[in-house]
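A.B. asks: Input structure: final_7.txt, which contains compact mmCIF, C-alpha atoms and all ligand atoms.
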# COMPACT_ATOMS: atom_id res chain seq x y z
CA MET A 254 0.00 0.00 0.00
CA LYS A 255 1.36 3.44 -0.93
CA VAL A 256 1.58 6.11 1.72
CA SER A 257 3.06 9.61 1.73
CA ILE A 258 4.34 11.93 4.43
CA VAL A 259 3.75 15.67 4.41
CA GLY A 260 6.28 17.41 6.67
CA GLY A 261 8.77 14.59 6.21
CA SER A 262 11.79 16.71 7.05
CA GLY A 263 11.05 17.00 10.77
CA TYR A 264 11.59 14.75 13.77
CA THR A 265 8.30 12.87 13.53
CA GLY A 266 8.85 12.69 9.76
CA ILE A 267 12.16 10.83 10.04
CA GLU A 268 10.63 8.55 12.69
CA LEU A 269 7.75 7.73 10.32
CA ILE A 270 10.27 6.93 7.58
CA ARG A 271 12.38 4.77 9.93
CA ILE A 272 9.39 2.67 10.94
CA LEU A 273 7.62 2.56 7.57
CA LEU A 274 10.75 1.33 5.79
CA ASN A 275 10.43 -1.85 7.85
CA HIS A 276 6.69 -2.18 7.37
CA PRO A 277 6.12 -5.20 5.13
CA LYS A 278 2.88 -3.89 3.62
CA VAL A 279 3.92 -0.30 2.89
CA GLU A 280 5.65 1.49 0.09
CA ILE A 281 6.65 5.07 0.87
CA ASP A 282 5.46 7.08 -2.10
CA LYS A 283 6.21 10.79 -1.57
CA ILE A 284 7.96 12.78 1.15
CA VAL A 285 6.81 16.39 1.10
CA SER A 286 8.84 19.30 2.45
CA GLU A 287 8.37 22.99 2.03
CA SER A 288 12.05 23.89 2.31
CA ASN A 289 13.89 20.80 1.03
CA LYS A 290 12.30 20.24 -2.39
CA GLY A 291 14.66 18.37 -4.71
CA LYS A 292 17.07 17.41 -1.94
CA LYS A 293 17.67 13.71 -1.26
CA VAL A 294 16.01 12.61 1.97
CA SER A 295 19.24 10.77 2.83
CA GLU A 296 21.17 14.01 2.46
CA LEU A 297 19.13 15.57 5.24
CA PHE A 298 18.87 12.38 7.30
CA GLN A 299 22.18 10.65 6.75
CA ASN A 300 21.16 7.57 8.71
CA LEU A 301 19.19 6.71 5.54
CA LYS A 302 22.25 6.67 3.25
CA ASN A 303 22.08 3.70 0.86
CA ILE A 304 18.74 2.73 2.37
CA PHE A 305 16.31 5.31 1.05
CA GLU A 306 17.31 7.40 -1.90
CA LYS A 307 14.16 9.33 -2.81
CA GLU A 308 14.08 13.11 -3.03
CA PHE A 309 11.73 15.44 -1.20
CA ILE A 310 8.98 16.90 -3.32
CA GLY A 311 7.66 20.40 -2.75
CA VAL A 312 4.27 21.48 -1.49
CA SER A 313 2.85 22.54 -4.85
CA ASN A 314 0.71 20.36 -7.11
CA LEU A 315 -0.05 17.84 -4.36
CA GLU A 316 -3.35 16.92 -6.01
CA VAL A 317 -1.27 15.26 -8.72
CA GLU A 318 1.79 14.26 -6.70
CA LEU A 319 -0.19 12.38 -4.06
CA LYS A 320 -2.69 10.73 -6.38
CA ASP A 321 -1.30 7.21 -5.90
CA SER A 322 -1.11 7.33 -2.10
CA GLU A 323 -4.06 5.92 -0.17
CA TYR A 324 -2.90 7.23 3.21
CA ILE A 325 -1.25 10.51 4.12
CA PHE A 326 0.62 11.19 7.35
CA LEU A 327 0.62 14.88 8.22
CA ALA A 328 3.76 15.55 10.28
CA VAL A 329 3.52 19.33 10.18
CA PRO A 330 2.98 21.89 12.95
CA HIS A 331 -0.55 22.69 14.08
CA LYS A 332 -2.24 25.32 11.94
CA ALA A 333 -0.35 23.97 8.88
CA ALA A 334 -2.20 20.65 9.16
CA MET A 335 -5.68 22.17 8.97
CA GLU A 336 -4.68 23.79 5.68
CA TYR A 337 -4.05 20.35 4.11
CA VAL A 338 -6.85 18.24 5.56
CA PRO A 339 -9.82 19.50 3.49
CA MET A 340 -7.93 19.04 0.20
CA LEU A 341 -6.71 15.56 1.13
CA LEU A 342 -10.12 14.34 2.24
CA LYS A 343 -11.70 15.73 -0.94
CA MET A 344 -9.09 13.73 -2.89
CA GLY A 345 -10.39 10.61 -1.15
CA LYS A 346 -7.30 10.12 1.01
CA LYS A 347 -7.27 8.78 4.53
CA VAL A 348 -5.35 11.08 6.81
CA ILE A 349 -3.45 10.58 10.05
CA ASP A 350 -2.71 14.03 11.43
CA LEU A 351 0.08 14.15 13.99
CA SER A 352 -0.67 17.76 14.89
CA ALA A 353 -3.17 19.07 17.42
CA ASP A 354 -5.53 20.57 14.85
CA PHE A 355 -8.29 17.96 15.02
CA ARG A 356 -7.91 16.68 18.59
CA ILE A 357 -10.14 19.19 20.34
CA ASP A 358 -13.84 18.62 19.73
CA ASP A 359 -14.89 22.21 20.35
CA PHE A 360 -13.25 24.72 18.00
CA GLU A 361 -13.72 27.54 20.50
CA VAL A 362 -11.63 25.64 23.03
CA TYR A 363 -9.00 25.05 20.34
CA GLU A 364 -8.95 28.73 19.39
CA GLN A 365 -8.70 29.79 23.02
CA TRP A 366 -5.71 27.54 23.83
CA TYR A 367 -3.91 27.64 20.48
CA LYS A 368 -4.55 31.32 19.72
CA GLU A 369 -5.33 30.41 16.12
CA ASN A 370 -8.48 30.50 14.01
CA HIS A 371 -9.68 27.06 13.07
CA VAL A 372 -10.21 27.12 9.32
CA ALA A 373 -11.43 23.52 8.91
CA LYS A 374 -13.87 23.19 11.80
CA GLU A 375 -16.40 21.34 9.65
CA TYR A 376 -14.10 18.29 9.88
CA LEU A 377 -13.79 18.28 13.67
CA GLU A 378 -16.87 16.16 14.24
CA GLU A 379 -15.72 13.30 12.08
CA ALA A 380 -12.12 13.33 13.30
CA VAL A 381 -11.43 10.39 15.59
CA TYR A 382 -9.09 10.82 18.55
CA GLY A 383 -6.42 8.28 17.70
CA LEU A 384 -5.73 6.53 20.95
CA PRO A 385 -6.07 2.90 19.78
CA GLU A 386 -6.33 1.41 23.28
CA LEU A 387 -9.54 3.38 23.86
CA ASN A 388 -10.97 4.16 20.41
CA ARG A 389 -10.06 1.21 18.20
CA GLU A 390 -13.52 0.61 16.75
CA LYS A 391 -13.93 4.25 15.67
CA ILE A 392 -10.40 4.35 14.24
CA LYS A 393 -11.21 1.35 12.03
CA LYS A 394 -13.84 3.39 10.19
CA ALA A 395 -12.17 6.81 10.24
CA ARG A 396 -11.04 8.92 7.29
CA LEU A 397 -9.35 11.42 9.57
CA VAL A 398 -7.49 10.41 12.71
CA ALA A 399 -6.23 13.05 15.12
CA ASN A 400 -3.12 11.45 16.55
CA PRO A 401 -2.86 12.30 20.28
CA GLY A 402 -0.30 14.60 21.82
CA CYS A 403 2.63 12.95 23.58
CA TYR A 404 1.85 14.26 27.07
CA PRO A 405 -1.86 13.35 26.72
CA THR A 406 -0.93 9.79 25.72
CA THR A 407 0.93 9.28 29.01
CA VAL A 408 -1.76 10.84 31.18
CA ILE A 409 -4.88 9.39 29.53
CA LEU A 410 -3.57 5.81 29.32
CA GLY A 411 -2.12 6.23 32.80
CA LEU A 412 -5.51 7.06 34.30
CA ALA A 413 -8.01 5.20 32.10
CA PRO A 414 -8.50 2.13 34.35
CA LEU A 415 -8.95 4.25 37.50
CA LEU A 416 -11.51 6.51 35.84
CA SER A 417 -13.42 3.70 34.16
CA GLU A 418 -13.80 1.98 37.53
CA LYS A 419 -14.49 5.27 39.39
CA LEU A 420 -11.75 4.61 41.94
CA ILE A 421 -10.44 8.15 42.32
CA ASP A 422 -11.66 11.58 43.32
CA ILE A 423 -11.71 13.31 39.94
CA ASN A 424 -11.09 16.70 41.54
CA THR A 425 -7.66 15.69 42.77
CA ILE A 426 -5.74 14.82 39.61
CA ILE A 427 -2.27 16.29 39.19
CA SER A 428 0.14 15.33 36.43
CA ASP A 429 3.75 16.26 36.68
CA SER A 430 5.18 15.41 33.25
CA LYS A 431 8.65 15.54 31.75
CA SER A 432 9.74 15.50 28.13
CA GLY A 433 12.95 15.15 26.19
CA VAL A 434 13.83 18.12 24.00
CA SER A 435 12.88 16.43 20.70
CA GLY A 436 9.28 16.98 21.79
CA ALA A 437 9.71 20.57 20.68
CA GLY A 438 10.55 19.52 17.10
CA LYS A 439 13.61 20.12 15.00
CA LYS A 440 13.70 23.87 14.98
CA CYS A 441 16.27 25.21 17.42
CA THR A 442 14.93 28.07 19.51
CA ALA A 443 16.17 30.07 22.47
CA THR A 444 14.55 27.51 24.79
CA THR A 445 15.71 24.36 23.00
CA HIS A 446 19.28 25.50 22.32
CA PHE A 447 21.91 23.06 23.73
CA SER A 448 23.21 25.65 26.21
CA GLU A 449 19.69 26.17 27.58
CA THR A 450 18.76 22.52 27.92
CA ASN A 451 22.03 20.74 28.73
CA GLU A 452 22.50 20.22 32.49
CA ASN A 453 19.22 21.99 33.05
CA PHE A 454 15.72 20.94 34.14
CA LYS A 455 12.83 23.32 34.03
CA ALA A 456 9.09 23.55 34.29
CA TYR A 457 7.21 25.45 31.60
CA GLY A 458 3.65 26.20 30.54
CA ILE A 459 2.54 26.09 34.19
CA ALA A 460 -1.26 26.23 34.39
CA SER A 461 -1.39 27.19 30.71
CA HIS A 462 -0.04 24.37 28.54
CA ARG A 463 -2.13 23.67 25.42
CA HIS A 464 -2.28 19.93 26.17
CA THR A 465 -4.42 20.61 29.24
CA PRO A 466 -7.77 20.82 27.38
CA GLU A 467 -6.90 17.75 25.29
CA ILE A 468 -6.19 15.71 28.42
CA GLU A 469 -9.28 17.03 30.20
CA GLN A 470 -11.52 16.31 27.21
CA GLU A 471 -10.50 12.66 26.99
CA LEU A 472 -10.44 12.06 30.75
CA SER A 473 -13.95 13.56 30.97
CA LYS A 474 -15.18 11.09 28.36
CA LEU A 475 -13.77 8.22 30.41
CA ALA A 476 -15.28 9.47 33.66
CA LYS A 477 -18.53 10.61 32.00
CA LYS A 478 -18.12 13.78 34.07
CA ASP A 479 -16.26 17.04 33.50
CA ILE A 480 -12.73 16.80 34.77
CA ILE A 481 -10.18 19.52 35.24
CA ILE A 482 -6.62 18.74 36.19
CA SER A 483 -3.37 20.41 37.17
CA PHE A 484 -0.82 19.65 34.47
CA THR A 485 2.78 20.82 34.59
CA PRO A 486 5.21 19.89 31.83
CA HIS A 487 8.99 19.96 32.27
CA LEU A 488 11.88 19.90 29.87
CA ILE A 489 14.66 17.45 30.69
CA PRO A 490 18.13 17.27 29.19
CA MET A 491 17.71 14.24 26.98
CA THR A 492 16.72 13.76 23.36
CA ARG A 493 13.85 11.25 23.46
CA GLY A 494 11.62 10.17 26.28
CA MET A 495 8.68 11.26 28.36
CA LEU A 496 7.60 10.33 31.87
CA SER A 497 4.47 11.46 33.69
CA THR A 498 3.93 11.14 37.43
CA ILE A 499 0.19 11.33 38.04
CA TYR A 500 -1.36 11.74 41.50
CA SER A 501 -4.98 11.34 42.57
CA ASN A 502 -6.86 10.50 45.77
CA LEU A 503 -8.27 7.01 46.08
CA ILE A 504 -11.95 6.86 47.05
CA SER A 505 -12.33 3.11 47.24
CA GLU A 506 -11.10 0.45 49.62
CA GLN A 507 -8.93 -1.32 47.07
CA THR A 508 -5.43 -2.50 47.88
CA GLU A 509 -2.46 -1.77 45.66
CA GLU A 510 -2.41 -5.40 44.50
CA GLU A 511 -6.07 -5.18 43.46
CA ILE A 512 -5.46 -1.97 41.56
CA VAL A 513 -2.45 -3.41 39.75
CA GLU A 514 -4.63 -6.41 38.83
CA LEU A 515 -7.28 -4.01 37.50
CA TYR A 516 -4.67 -2.37 35.22
CA LYS A 517 -3.50 -5.77 33.99
CA THR A 518 -7.06 -6.80 33.20
CA PHE A 519 -7.97 -3.46 31.59
CA TYR A 520 -5.00 -3.66 29.22
CA LYS A 521 -4.80 -7.44 28.85
CA ASN A 522 -5.27 -7.37 25.08
CA GLU A 523 -3.10 -4.32 24.47
CA LYS A 524 0.22 -5.26 22.94
CA PHE A 525 1.78 -1.84 23.47
CA VAL A 526 0.82 -1.33 27.12
CA ARG A 527 3.01 -2.95 29.76
CA ILE A 528 2.16 -2.85 33.44
CA VAL A 529 5.49 -2.86 35.24
CA GLU A 530 7.00 -2.31 38.68
CA VAL A 531 9.13 0.67 37.76
CA VAL A 532 9.02 2.82 34.63
CA GLN A 533 12.03 4.39 33.00
CA THR A 534 12.35 6.07 29.63
CA LYS A 535 15.21 3.87 28.46
CA ASN A 536 13.02 0.77 28.48
CA VAL A 537 10.73 2.30 25.85
CA ARG A 538 13.21 4.40 23.87
CA GLY A 539 12.70 3.85 20.12
CA SER A 540 9.72 1.54 20.77
CA ASN A 541 5.96 1.94 20.64
CA PHE A 542 5.41 0.76 24.22
CA ILE A 543 3.91 2.71 27.06
CA ASP A 544 5.08 1.36 30.41
CA ILE A 545 2.82 2.05 33.38
CA ALA A 546 3.47 1.47 37.09
CA VAL A 547 0.83 1.93 39.80
CA LYS A 548 1.56 2.48 43.48
CA LEU A 549 -0.66 3.28 46.43
CA ASP A 550 0.76 5.62 49.03
CA LYS A 551 -1.10 4.30 52.07
CA ARG A 552 -0.09 7.25 54.28
CA THR A 553 -1.83 9.78 52.03
CA ASN A 554 -4.29 7.37 50.37
CA ARG A 555 -3.01 8.69 47.07
CA ILE A 556 -2.56 6.63 43.93
CA ILE A 557 0.65 7.45 42.09
CA VAL A 558 0.76 6.33 38.49
CA THR A 559 3.95 6.68 36.50
CA SER A 560 3.92 6.21 32.74
CA ALA A 561 6.73 6.40 30.22
CA ILE A 562 6.88 6.55 26.43
CA ASP A 563 9.21 7.62 23.70
CA ASN A 564 7.63 10.96 22.75
CA ILE A 565 8.44 10.49 19.07
CA THR A 566 7.27 6.87 18.86
CA LYS A 567 4.23 6.03 21.04
CA GLY A 568 3.93 9.81 21.52
CA ALA A 569 3.72 10.53 17.78
CA SER A 570 4.93 8.49 14.78
CA GLY A 571 4.65 4.97 16.24
CA GLN A 572 1.13 5.66 17.43
CA ALA A 573 0.33 7.17 14.00
CA ILE A 574 1.45 3.91 12.35
CA GLN A 575 -0.53 1.90 14.93
CA ASN A 576 -3.57 3.96 13.86
CA PHE A 577 -2.74 3.45 10.18
CA ASN A 578 -2.54 -0.33 10.71
CA ILE A 579 -5.98 -0.30 12.32
CA MET A 580 -7.48 1.86 9.55
CA ALA A 581 -5.96 -0.29 6.82
CA GLY A 582 -7.03 -3.57 8.46
CA PHE A 583 -3.44 -4.70 9.06
CA ASN A 584 -2.12 -6.38 12.19
CA GLU A 585 -1.66 -3.51 14.66
CA MET A 586 1.94 -4.57 15.37
CA GLU A 587 3.01 -4.47 11.71
CA GLY A 588 6.24 -2.48 11.45
CA LEU A 589 6.10 -1.75 15.19
CA ASN A 590 7.93 -4.75 16.58
CA LEU A 591 10.49 -2.41 18.10
CA ILE A 592 12.37 -3.04 21.33
CA GLY A 593 13.61 -0.13 23.46
CA TYR A 594 17.31 0.62 23.19
CA LEU A 595 19.24 -0.46 26.29
CA PRO A 596 21.50 0.70 27.77
N1 LIG A 601 8.22 15.86 18.35
C1 LIG A 601 7.34 15.20 19.09
O1 LIG A 601 7.71 14.52 20.05
C2 LIG A 601 5.87 15.28 18.80
C3 LIG A 601 5.36 16.03 17.76
N2 LIG A 601 4.01 16.07 17.54
C4 LIG A 601 3.44 16.88 16.46
O2 LIG A 601 3.84 16.38 15.20
C5 LIG A 601 3.96 17.44 14.26
C6 LIG A 601 5.36 17.44 13.70
O3 LIG A 601 6.27 17.63 14.78
P1 LIG A 601 7.83 17.51 14.63
O4 LIG A 601 8.17 16.53 13.59
O5 LIG A 601 8.38 17.34 15.98
O6 LIG A 601 8.17 18.98 14.13
P2 LIG A 601 9.42 19.48 13.32
O7 LIG A 601 9.50 20.94 13.54
O8 LIG A 601 10.61 18.65 13.63
O9 LIG A 601 9.01 19.20 11.83
C7 LIG A 601 7.89 19.75 11.23
C8 LIG A 601 8.13 19.79 9.75
O10 LIG A 601 6.97 20.34 9.14
C9 LIG A 601 7.38 21.00 7.96
N3 LIG A 601 6.45 22.07 7.68
C10 LIG A 601 6.23 23.20 8.40
N4 LIG A 601 5.25 23.91 7.83
C11 LIG A 601 4.85 23.21 6.76
C12 LIG A 601 3.87 23.40 5.77
N5 LIG A 601 3.08 24.47 5.79
N6 LIG A 601 3.73 22.47 4.81
C13 LIG A 601 4.53 21.38 4.77
N7 LIG A 601 5.45 21.14 5.69
C14 LIG A 601 5.62 22.04 6.66
C15 LIG A 601 8.79 21.50 8.21
O11 LIG A 601 9.58 21.14 7.13
P3 LIG A 601 9.86 22.01 5.85
O12 LIG A 601 10.11 23.41 6.31
O13 LIG A 601 11.00 21.34 5.23
O14 LIG A 601 8.62 21.87 5.07
C16 LIG A 601 9.29 20.71 9.40
O15 LIG A 601 10.41 19.91 9.10
C17 LIG A 601 3.64 18.72 15.03
O16 LIG A 601 2.30 19.08 14.84
C18 LIG A 601 3.91 18.33 16.46
O17 LIG A 601 3.22 19.12 17.33
C19 LIG A 601 3.16 15.32 18.29
C20 LIG A 601 3.60 14.57 19.33
C21 LIG A 601 5.00 14.51 19.69
C1 LIG A 602 9.16 19.50 24.79
C2 LIG A 602 8.06 20.24 24.07
O1 LIG A 602 8.20 21.40 23.72
N1 LIG A 602 6.96 19.56 23.80
C3 LIG A 602 5.83 20.12 23.11
C4 LIG A 602 4.72 19.12 23.04
C5 LIG A 602 4.97 18.03 22.09
C6 LIG A 602 4.11 18.11 20.88
O2 LIG A 602 4.64 18.23 19.80
O3 LIG A 602 2.81 18.08 21.03
P1 LIG A 602 1.71 18.48 19.93
O4 LIG A 602 1.59 17.35 19.01
O5 LIG A 602 0.46 18.75 20.62
O6 LIG A 602 2.19 19.70 19.20
C7 LIG A 602 5.24 21.32 23.84
O7 LIG A 602 5.31 21.41 25.05
O8 LIG A 602 4.59 22.11 23.13
I'd like the structure from this file rewritten - as structure tokens, please.
C.D. replies:
Amino acid sequence: MKVSIVGGSGYTGIELIRILLNHPKVEIDKIVSESNKGKKVSELFQNLKNIFEKEFIGVSNLEVELKDSEYIFLAVPHKAAMEYVPMLLKMGKKVIDLSADFRIDDFEVYEQWYKENHVAKEYLEEAVYGLPELNREKIKKARLVANPGCYPTTVILGLAPLLSEKLIDINTIISDSKSGVSGAGKKCTATTHFSETNENFKAYGIASHRHTPEIEQELSKLAKKDIIISFTPHLIPMTRGMLSTIYSNLISEQTEEEIVELYKTFYKNEKFVRIVEVVQTKNVRGSNFIDIAVKLDKRTNRIIVTSAIDNITKGASGQAIQNFNIMAGFNEMEGLNLIGYLP
């Protein structure tokens, strides 16, 4: 099956290429880049030398250029994605959008948090939030999948069993989340510069990060009640990896062992979710796994969930390919049999 990538020159773009080149049922058709037209992809990403020798195509004439591709991965920044989606859907393509443009159901909420006008709001209703572990049946039938944000993936999957079973006080949720610098994309800015991030650790977006409404929206669906949370992201001095520490007050009599059992049962058919004793980013680095550990602090009666992913894989491109596999009717693991790099 032919697929193309728009925004293939960025971090999630190269991760899509890395994984798709080992997908037995996929042929990468076109890689689109605004600023690298005509350049060999392997010139920009030299890890592809002698492996993938296509050239980037530009952003013009995509109606013709993409005609043979059934699926399009949009690996572009938010706002850019909504410019492409209407055209692609009208061309009959199926789209997996890695940006935030179609994740928020209510365009007013999107506009408030993203400070952008939504120019394709008529497609919001049909967009499916692409978290396979919770929305698989809808993803199967979708034309447009909104691939989740990396932080939301850790928090939503981290809390889903507790909310589904109504075990926690929904007014007490706090997520303290940390990301590697690649989460900010390829562009080097004053905050992602080596000198700013190396040997440094900082909180940002306190009480204002744009992933807050995305997390709240999906947690509210699970709880069937409106949820608001405290969410604080942090930047840590590593390239890939994300770890969330999520606190909430237990309102049931369950023991830690019973809660761990609940998680194991909830995710028993999920190949990419591992319930573990201790999470660490290295165990999932370069893989599509999310590792989750659940502890009960008996002194405070607080549940502490820790969850770890690779922000570019389960947090973006790996999850996008998991969604693609579901949409295309392939085995969900196809191309994603990836083991975290240790040490
Ligand atoms: N990095 C991560 O961990 C995660 C990223 N995401 C989301 O995935 C998307 C891509 O992120 P990421 O790869 O990190 O970002 P990057 O900045 O690394 O890459 C984005 C690419 O998009 C291209 N681009 C920008 N504007 C346009 C446009 N109008 N048309 C076509 N291409 C364009 C740029 O390439 P060029 O100028 O060559 O066209 C750039 O290389 C974003 O929406 C991001 O929020 C989601 C979860 C995690
Ligand atoms: C470290 C870092 O900067 N991370 C990004 C989030 C990652 C991401 O790309 O999320 P979206 O898909 O929603 O854009 C941020 O905080 O904005």
A.B. asks: Neighbours of ligand LIG 601 (chain A) within 9 Å, counting all atoms listed in the file, as a PyMOL selection string?
C.D. replies: chain A and resi 259-268+285-290+309+311-312+327-334+336-337+350-354+400-404+432-441+493-495+563-570
A.B. asks: Could you check how far CA of Arg396 (chain A) sits from CA of Val348 (chain A), in Å to one decimal?
C.D. replies: 6.1 Å
A.B. asks: So that I can check the surroundings of region 526-538 of chain A, please list as a list in words every protein, DNA and RNA residue that reaches within 6 Å of it, counting all atoms listed in the file and ignoring chain neighbours fewer than 2 positions away.
C.D. replies: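 My list of contacting residues is Gly494, Glu523, Lys524, Ser540, Phe542, Ile543, Asp544, Ile545, Ala546, Ala561, Ile562, Asp563, Gly593 and Tyr594 of chain A.
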A.B. asks: I'd like the box whose edges run along x, y and z of the file and which contains every listed atom of ligand LIG 602 (chain A), padded by 5 Å per side; could you state its centre and edge lengths in Å, one decimal, as AutoDock Vina command-line options?
C.D. replies:
--center_x 4.8 --center_y 19.7 --center_z 22.0 --size_x 18.7 --size_y 14.8 --size_z 16.0
A.B. asks: Let me make sure I understand: among A:Glu364, A:Asp282, A:Glu378, A:Glu418, which one has the smallest atom-to-atom distance to Ala476 (chain A) if we use all atoms listed in the file?
C.D. replies: A:Glu418
A.B. asks: Can you pull out every residue within 12 Å of Leu301 (chain A), counting only C-alpha atoms, but drop anything in the same chain fewer than 3 positions away, and send it as number ranges by chain?
C.D. replies: A: 267-268, 270-272, 274, 293-298, 304-308
A.B. asks: For Val362 (chain A), which residue out of A:His276, A:Lys374, A:Arg555, A:Lys393 is the nearest one, using only C-alpha atoms?
C.D. replies: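 Among the listed residues, A:Lys374 lies closest to Val362 (chain A).
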A.B. asks: Name the residues in contact with Glu511 (chain A) at a cut-off of 12 Å, using all atoms listed in the file, excluding same-chain residues fewer than 3 positions from it; report them as a list in words.
C.D. replies: Pro414, Leu415, Leu420, Ser505, Glu506, Gln507, Thr508, Glu514, Leu515, Tyr516, Lys517, Thr518, Val547, Lys548 and Leu549 of chain A
A.B. asks: Have a look at A:Tyr382, A:Tyr520, A:Tyr363, A:Tyr457 and name the one nearest to ligand LIG 602 (chain A); count only C-alpha atoms and all ligand atoms.
C.D. replies: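 Ranking A:Tyr382, A:Tyr520, A:Tyr363, A:Tyr457 by distance to ligand LIG 602 (chain A), first place goes to A:Tyr457.
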A.B. asks: I need every residue sitting at most 12 Å from the point (-0.2, 2.5, 12.2) (coordinates as in the file, only C-alpha atoms considered), written as a PyMOL selection string.
C.D. replies: chain A and resi 256+269+272-273+276+278-279+324-326+348-351+383-385+389+392-393+398+400+541+566-567+569-590
A.B. asks: Can you rebuild region 274-292 of chain A with N, CA and C atoms and give it as a PDB file, in the frame of the given file?
C.D. replies:
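What follows is the written file out21.pdb:
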ATOM      1  N   LEU A 274       9.830   2.081   6.657  1.00  0.00           N
ATOM      2  CA  LEU A 274      10.750   1.330   5.790  1.00  0.00           C
ATOM      3  C   LEU A 274      10.819  -0.141   6.188  1.00  0.00           C
ATOM      4  N   ASN A 275      10.442  -0.450   7.404  1.00  0.00           N
ATOM      5  CA  ASN A 275      10.430  -1.850   7.850  1.00  0.00           C
ATOM      6  C   ASN A 275       9.017  -2.417   7.939  1.00  0.00           C
ATOM      7  N   HIS A 276       8.076  -1.703   7.349  1.00  0.00           N
ATOM      8  CA  HIS A 276       6.690  -2.180   7.370  1.00  0.00           C
ATOM      9  C   HIS A 276       6.476  -3.032   6.116  1.00  0.00           C
ATOM     10  N   PRO A 277       6.158  -4.300   6.296  1.00  0.00           N
ATOM     11  CA  PRO A 277       6.120  -5.200   5.130  1.00  0.00           C
ATOM     12  C   PRO A 277       5.014  -4.884   4.127  1.00  0.00           C
ATOM     13  N   LYS A 278       4.010  -4.118   4.541  1.00  0.00           N
ATOM     14  CA  LYS A 278       2.880  -3.890   3.620  1.00  0.00           C
ATOM     15  C   LYS A 278       2.859  -2.482   3.044  1.00  0.00           C
ATOM     16  N   VAL A 279       3.937  -1.721   3.273  1.00  0.00           N
ATOM     17  CA  VAL A 279       3.920  -0.300   2.890  1.00  0.00           C
ATOM     18  C   VAL A 279       5.014   0.032   1.895  1.00  0.00           C
ATOM     19  N   GLU A 280       4.638   0.874   0.943  1.00  0.00           N
ATOM     20  CA  GLU A 280       5.650   1.490   0.090  1.00  0.00           C
ATOM     21  C   GLU A 280       5.559   2.993   0.308  1.00  0.00           C
ATOM     22  N   ILE A 281       6.676   3.612   0.691  1.00  0.00           N
ATOM     23  CA  ILE A 281       6.650   5.070   0.870  1.00  0.00           C
ATOM     24  C   ILE A 281       6.665   5.703  -0.513  1.00  0.00           C
ATOM     25  N   ASP A 282       5.619   6.485  -0.776  1.00  0.00           N
ATOM     26  CA  ASP A 282       5.460   7.080  -2.100  1.00  0.00           C
ATOM     27  C   ASP A 282       6.167   8.432  -2.160  1.00  0.00           C
ATOM     28  N   LYS A 283       5.619   9.451  -1.495  1.00  0.00           N
ATOM     29  CA  LYS A 283       6.210  10.790  -1.570  1.00  0.00           C
ATOM     30  C   LYS A 283       6.515  11.323  -0.173  1.00  0.00           C
ATOM     31  N   ILE A 284       7.615  12.074  -0.092  1.00  0.00           N
ATOM     32  CA  ILE A 284       7.960  12.780   1.150  1.00  0.00           C
ATOM     33  C   ILE A 284       7.928  14.264   0.797  1.00  0.00           C
ATOM     34  N   VAL A 285       7.029  14.983   1.453  1.00  0.00           N
ATOM     35  CA  VAL A 285       6.810  16.390   1.100  1.00  0.00           C
ATOM     36  C   VAL A 285       7.508  17.295   2.115  1.00  0.00           C
ATOM     37  N   SER A 286       8.216  18.300   1.571  1.00  0.00           N
ATOM     38  CA  SER A 286       8.840  19.300   2.450  1.00  0.00           C
ATOM     39  C   SER A 286       8.777  20.660   1.777  1.00  0.00           C
ATOM     40  N   GLU A 287       8.467  21.652   2.593  1.00  0.00           N
ATOM     41  CA  GLU A 287       8.370  22.990   2.030  1.00  0.00           C
ATOM     42  C   GLU A 287       9.768  23.517   1.658  1.00  0.00           C
ATOM     43  N   SER A 288      10.747  23.238   2.505  1.00  0.00           N
ATOM     44  CA  SER A 288      12.050  23.890   2.310  1.00  0.00           C
ATOM     45  C   SER A 288      13.144  22.983   1.748  1.00  0.00           C
ATOM     46  N   ASN A 289      12.831  21.704   1.498  1.00  0.00           N
ATOM     47  CA  ASN A 289      13.890  20.800   1.030  1.00  0.00           C
ATOM     48  C   ASN A 289      13.601  20.181  -0.341  1.00  0.00           C
ATOM     49  N   LYS A 290      12.691  20.782  -1.075  1.00  0.00           N
ATOM     50  CA  LYS A 290      12.300  20.240  -2.390  1.00  0.00           C
ATOM     51  C   LYS A 290      13.541  19.936  -3.251  1.00  0.00           C
ATOM     52  N   GLY A 291      13.572  18.729  -3.804  1.00  0.00           N
ATOM     53  CA  GLY A 291      14.660  18.370  -4.710  1.00  0.00           C
ATOM     54  C   GLY A 291      15.870  17.772  -4.006  1.00  0.00           C
ATOM     55  N   LYS A 292      15.934  17.948  -2.696  1.00  0.00           N
ATOM     56  CA  LYS A 292      17.070  17.410  -1.940  1.00  0.00           C
ATOM     57  C   LYS A 292      16.798  15.920  -1.636  1.00  0.00           C
TER      58      LYS A 292
END
